[in-house]
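With mmCIF, N, CA and C atoms and all ligand atoms inside, this is data_31.cif:
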data_work
loop_
_atom_site.label_atom_id
_atom_site.label_comp_id
_atom_site.auth_asym_id
_atom_site.auth_seq_id
_atom_site.Cartn_x
_atom_site.Cartn_y
_atom_site.Cartn_z
N MET J 454 -10.76 2.94 14.77
CA MET J 454 -12.09 3.44 15.14
C MET J 454 -13.03 2.26 15.42
N ASP J 455 -13.92 2.44 16.35
CA ASP J 455 -14.88 1.42 16.72
C ASP J 455 -15.81 1.10 15.54
N LYS J 456 -16.06 -0.18 15.32
CA LYS J 456 -16.86 -0.58 14.16
C LYS J 456 -18.28 -0.02 14.19
N GLU J 457 -18.83 0.13 15.39
CA GLU J 457 -20.19 0.69 15.47
C GLU J 457 -20.21 2.15 15.03
N ILE J 458 -19.17 2.87 15.39
CA ILE J 458 -19.07 4.28 14.98
C ILE J 458 -18.87 4.35 13.47
N VAL J 459 -17.99 3.48 12.96
CA VAL J 459 -17.76 3.42 11.51
C VAL J 459 -19.07 3.13 10.80
N ASN J 460 -19.81 2.16 11.33
CA ASN J 460 -21.08 1.77 10.73
C ASN J 460 -22.06 2.95 10.67
N SER J 461 -22.09 3.74 11.72
CA SER J 461 -23.03 4.86 11.75
C SER J 461 -22.57 6.01 10.86
N MET J 462 -21.26 6.08 10.58
CA MET J 462 -20.75 7.16 9.74
C MET J 462 -20.79 6.85 8.25
N LEU J 463 -20.76 5.57 7.93
CA LEU J 463 -20.81 5.18 6.51
C LEU J 463 -22.23 5.33 5.98
N PRO J 464 -22.37 5.62 4.68
CA PRO J 464 -23.74 5.69 4.13
C PRO J 464 -24.47 4.37 4.34
N ASN J 465 -25.76 4.46 4.59
CA ASN J 465 -26.55 3.27 4.88
C ASN J 465 -27.03 2.61 3.58
N THR J 466 -26.07 2.14 2.80
CA THR J 466 -26.37 1.50 1.52
C THR J 466 -25.51 0.26 1.38
N LYS J 467 -25.96 -0.65 0.51
CA LYS J 467 -25.23 -1.91 0.31
C LYS J 467 -23.86 -1.65 -0.33
N TYR J 468 -23.85 -0.76 -1.33
CA TYR J 468 -22.61 -0.48 -2.05
C TYR J 468 -22.13 0.93 -1.76
N ILE J 469 -20.83 1.05 -1.61
CA ILE J 469 -20.23 2.35 -1.33
C ILE J 469 -19.19 2.68 -2.38
N TRP J 470 -19.31 3.89 -2.90
CA TRP J 470 -18.39 4.39 -3.93
C TRP J 470 -17.35 5.28 -3.25
N CYS J 471 -16.11 5.13 -3.70
CA CYS J 471 -15.01 5.87 -3.08
C CYS J 471 -14.64 7.08 -3.93
N LEU J 472 -14.66 8.23 -3.31
CA LEU J 472 -14.33 9.49 -3.98
C LEU J 472 -12.87 9.52 -4.41
N HIS J 473 -12.05 8.76 -3.72
CA HIS J 473 -10.61 8.77 -3.96
C HIS J 473 -10.22 7.93 -5.18
N CYS J 474 -10.71 6.70 -5.25
CA CYS J 474 -10.34 5.81 -6.36
C CYS J 474 -11.48 5.58 -7.34
N ASN J 475 -12.68 6.10 -7.02
CA ASN J 475 -13.85 5.99 -7.89
C ASN J 475 -14.27 4.54 -8.15
N GLN J 476 -13.94 3.66 -7.20
CA GLN J 476 -14.35 2.26 -7.29
C GLN J 476 -15.37 1.96 -6.20
N VAL J 477 -16.06 0.83 -6.39
CA VAL J 477 -17.15 0.48 -5.48
C VAL J 477 -16.84 -0.82 -4.74
N ASP J 478 -17.19 -0.85 -3.48
CA ASP J 478 -17.15 -2.10 -2.73
C ASP J 478 -18.38 -2.12 -1.83
N MET J 479 -18.62 -3.28 -1.22
CA MET J 479 -19.77 -3.37 -0.34
C MET J 479 -19.47 -2.65 0.97
N LYS J 480 -20.53 -2.22 1.62
CA LYS J 480 -20.37 -1.55 2.90
C LYS J 480 -19.62 -2.44 3.89
N THR J 481 -19.90 -3.74 3.82
CA THR J 481 -19.23 -4.66 4.75
C THR J 481 -17.71 -4.62 4.56
N GLY J 482 -17.27 -4.44 3.31
CA GLY J 482 -15.84 -4.34 3.04
C GLY J 482 -15.22 -3.14 3.74
N TRP J 483 -15.91 -2.02 3.67
CA TRP J 483 -15.45 -0.79 4.34
C TRP J 483 -15.44 -0.98 5.85
N LEU J 484 -16.48 -1.66 6.33
CA LEU J 484 -16.60 -1.90 7.77
C LEU J 484 -15.43 -2.75 8.28
N HIS J 485 -15.14 -3.83 7.54
CA HIS J 485 -14.05 -4.72 7.95
C HIS J 485 -12.70 -4.03 7.86
N ASN J 486 -12.64 -2.97 7.07
CA ASN J 486 -11.39 -2.22 6.92
C ASN J 486 -11.41 -0.96 7.80
N TYR J 487 -12.26 -0.97 8.79
CA TYR J 487 -12.34 0.12 9.80
C TYR J 487 -12.59 1.50 9.18
N GLY J 488 -13.42 1.51 8.13
CA GLY J 488 -13.80 2.80 7.55
C GLY J 488 -12.86 3.31 6.48
N TYR J 489 -11.88 2.48 6.12
CA TYR J 489 -11.00 2.86 5.01
C TYR J 489 -11.42 2.11 3.76
N CYS J 490 -11.11 2.69 2.63
CA CYS J 490 -11.43 2.06 1.35
C CYS J 490 -10.78 0.68 1.27
N PRO J 491 -11.56 -0.36 0.91
CA PRO J 491 -11.01 -1.72 0.88
C PRO J 491 -10.01 -1.95 -0.25
N TYR J 492 -9.96 -1.08 -1.25
CA TYR J 492 -9.02 -1.30 -2.35
C TYR J 492 -7.59 -1.05 -1.88
N GLU J 493 -6.76 -2.03 -2.18
CA GLU J 493 -5.41 -2.09 -1.66
C GLU J 493 -4.58 -0.84 -1.92
N LYS J 494 -4.65 -0.33 -3.13
CA LYS J 494 -3.78 0.80 -3.49
C LYS J 494 -4.41 2.15 -3.18
N CYS J 495 -5.56 2.14 -2.52
CA CYS J 495 -6.26 3.39 -2.25
C CYS J 495 -6.13 3.76 -0.78
N ASN J 496 -5.97 5.04 -0.52
CA ASN J 496 -5.95 5.47 0.88
C ASN J 496 -7.15 6.35 1.22
N GLY J 497 -8.26 6.06 0.53
CA GLY J 497 -9.51 6.76 0.82
C GLY J 497 -9.99 6.47 2.24
N THR J 498 -10.61 7.46 2.84
CA THR J 498 -11.11 7.31 4.21
C THR J 498 -12.64 7.37 4.21
N ILE J 499 -13.17 7.30 5.39
CA ILE J 499 -14.62 7.36 5.60
C ILE J 499 -15.22 8.63 4.96
N LEU J 500 -14.41 9.68 4.85
CA LEU J 500 -14.88 10.93 4.25
C LEU J 500 -15.04 10.82 2.74
N ASP J 501 -14.43 9.78 2.16
CA ASP J 501 -14.53 9.56 0.72
C ASP J 501 -15.67 8.60 0.36
N ALA J 502 -16.33 8.05 1.38
CA ALA J 502 -17.37 7.04 1.17
C ALA J 502 -18.71 7.69 0.82
N LEU J 503 -19.19 7.41 -0.39
CA LEU J 503 -20.49 7.94 -0.80
C LEU J 503 -21.39 6.78 -1.23
N ALA J 504 -22.68 6.97 -1.01
CA ALA J 504 -23.65 5.93 -1.39
C ALA J 504 -23.64 5.72 -2.89
N TRP J 505 -23.54 4.47 -3.32
CA TRP J 505 -23.59 4.17 -4.75
C TRP J 505 -24.91 4.64 -5.35
N THR J 506 -25.99 4.53 -4.61
CA THR J 506 -27.31 4.94 -5.11
C THR J 506 -27.29 6.41 -5.56
N LYS J 507 -26.53 7.22 -4.84
CA LYS J 507 -26.42 8.65 -5.15
C LYS J 507 -25.66 8.87 -6.46
N ILE J 508 -24.54 8.15 -6.61
CA ILE J 508 -23.72 8.26 -7.82
C ILE J 508 -24.49 7.72 -9.01
N GLN J 509 -25.20 6.60 -8.79
CA GLN J 509 -25.96 5.96 -9.86
C GLN J 509 -27.10 6.86 -10.34
N LYS J 510 -27.68 7.60 -9.41
CA LYS J 510 -28.77 8.52 -9.75
C LYS J 510 -28.27 9.66 -10.64
N GLU J 511 -27.05 10.11 -10.35
CA GLU J 511 -26.43 11.18 -11.15
C GLU J 511 -26.04 10.67 -12.54
N ASN J 512 -25.80 9.38 -12.62
CA ASN J 512 -25.33 8.76 -13.87
C ASN J 512 -26.23 7.58 -14.21
N PRO J 513 -27.39 7.87 -14.83
CA PRO J 513 -28.38 6.79 -15.06
C PRO J 513 -27.86 5.65 -15.92
N THR J 514 -26.75 5.85 -16.63
CA THR J 514 -26.21 4.75 -17.45
C THR J 514 -25.44 3.75 -16.59
N TYR J 515 -25.12 4.11 -15.36
CA TYR J 515 -24.41 3.19 -14.48
C TYR J 515 -25.37 2.11 -13.97
N PRO J 516 -24.87 0.89 -13.80
CA PRO J 516 -25.75 -0.20 -13.33
C PRO J 516 -26.14 -0.03 -11.86
N LYS J 517 -27.29 -0.58 -11.51
CA LYS J 517 -27.74 -0.51 -10.12
C LYS J 517 -26.83 -1.36 -9.23
N ILE J 518 -26.36 -2.47 -9.80
CA ILE J 518 -25.40 -3.31 -9.10
C ILE J 518 -24.04 -3.10 -9.77
N PRO J 519 -23.15 -2.39 -9.08
CA PRO J 519 -21.88 -2.03 -9.71
C PRO J 519 -20.89 -3.19 -9.78
N GLU J 520 -19.93 -3.07 -10.69
CA GLU J 520 -18.86 -4.06 -10.83
C GLU J 520 -17.73 -3.70 -9.86
N TYR J 521 -17.04 -4.74 -9.40
CA TYR J 521 -15.83 -4.51 -8.61
C TYR J 521 -14.68 -4.19 -9.56
N ASP J 522 -13.65 -3.55 -9.03
CA ASP J 522 -12.45 -3.23 -9.81
C ASP J 522 -12.78 -2.46 -11.08
N TRP J 523 -13.80 -1.65 -11.01
CA TRP J 523 -14.19 -0.87 -12.17
C TRP J 523 -14.24 0.59 -11.74
N ILE J 524 -13.65 1.46 -12.57
CA ILE J 524 -13.64 2.88 -12.19
C ILE J 524 -14.86 3.57 -12.76
N TYR J 525 -15.66 4.13 -11.86
CA TYR J 525 -16.83 4.90 -12.24
C TYR J 525 -16.58 6.36 -11.89
N PRO J 526 -16.25 7.19 -12.90
CA PRO J 526 -16.04 8.60 -12.58
C PRO J 526 -17.30 9.23 -11.99
N MET J 527 -17.12 10.26 -11.17
CA MET J 527 -18.27 10.89 -10.51
C MET J 527 -19.30 11.34 -11.54
N TYR J 528 -18.79 11.90 -12.65
CA TYR J 528 -19.69 12.24 -13.76
C TYR J 528 -19.20 11.49 -14.98
N GLY J 529 -19.83 10.35 -15.23
CA GLY J 529 -19.37 9.43 -16.27
C GLY J 529 -19.67 9.87 -17.68
ZN ZN I 601 -10.83 3.99 -2.75
#
Give the structure from the file, written as structure tokens.
Ligand SMILES: [Zn+2]
Amino acid sequence: MDKEIVNSMLPNTKYIWCLHCNQVDMKTGWLHNYGYCPYEKCNGTILDALAWTKIQKENPTYPKIPEYDWIYPMYG
């Protein structure tokens, strides 16, 4: 998929949480991976990409700046 299209489809946030593996990476990571989850063992797609700000709002105990390689359940 074209990177510009991927960019417009991904949430417009710095960090993106993956519905598939429940881990976070930067939007740039998703972009460089053509809209797929950057985590090696995950096959999450652009449809699994949610704004970290949204997940963090649902779970106020989660940090504003998330850790890499850390699993954040949707409802922690
Ligand atoms: Zn993932």
key: Straight-line distance linking atom N of Leu503 (chain J) with CA of Asn465 (chain J), stated in Å to one decimal   =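 CA of Asn465 (chain J) lies 10.0 Å from atom N of Leu503 (chain J).
Counting only C-alpha atoms and all ligand atoms and comparing J:Trp483, J:Tyr521, J:Tyr468, J:Tyr492, the residue that lies closest to ligand ZN 601 (chain I) is J:Tyr492.
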Closest pair table for chain J residues within 6 Å of ligand ZN 601 (chain I), only N, CA and C atoms and all ligand atoms, as CSV:
residue,atom,partner,partner_atom,distance
J:Cys471,CA,I:ZN601,ZN,4.6
J:Leu472,N,I:ZN601,ZN,5.7
J:His473,C,I:ZN601,ZN,4.7
J:Cys474,N,I:ZN601,ZN,3.7
J:Asn475,N,I:ZN601,ZN,5.1
J:Gln476,N,I:ZN601,ZN,5.4
J:Cys490,CA,I:ZN601,ZN,4.6
J:Pro491,N,I:ZN601,ZN,5.7
J:Tyr492,N,I:ZN601,ZN,5.4
J:Cys495,CA,I:ZN601,ZN,4.6
J:Asn496,N,I:ZN601,ZN,5.4
J:Gly497,N,I:ZN601,ZN,4.7
query = Restricting the calculation to all atoms listed in the file, which member of J:Tyr525, J:Val459, J:Lys507, J:Pro464 is positioned closest to Gly488 (chain J)?
reply =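 With all atoms listed in the file as the atom set, the closest residue is J:Val459.
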ask   = Between atom N of Asn512 (chain J) and CA of Tyr528 (chain J), what is the distance, to one decimal in Å?
value =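 Atom-to-atom, atom N of Asn512 (chain J) to CA of Tyr528 (chain J), that is 6.8 Å.
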remark   = CA of Met462 (chain J) sits from atom N of Thr514 (chain J) at a separation of 27.1 Å
request  = For each of J:Ala502, J:Ile508, J:Val477, J:Leu484, take the minimum atom-to-atom distance to Asp522 (chain J), counting all atoms listed in the file, then give the residue where this is smallest.
outcome  = J:Val477
task = Do a neighbour search on Ile469 (chain J) at 6 Å with only C-alpha atoms, toss out local chain neighbours closer than 3 positions, and write the hits as a list of chain:residue names.
result = J:Val477, J:Asp478, J:Met479, J:Lys480, J:Leu503, J:Ala504, J:Trp505
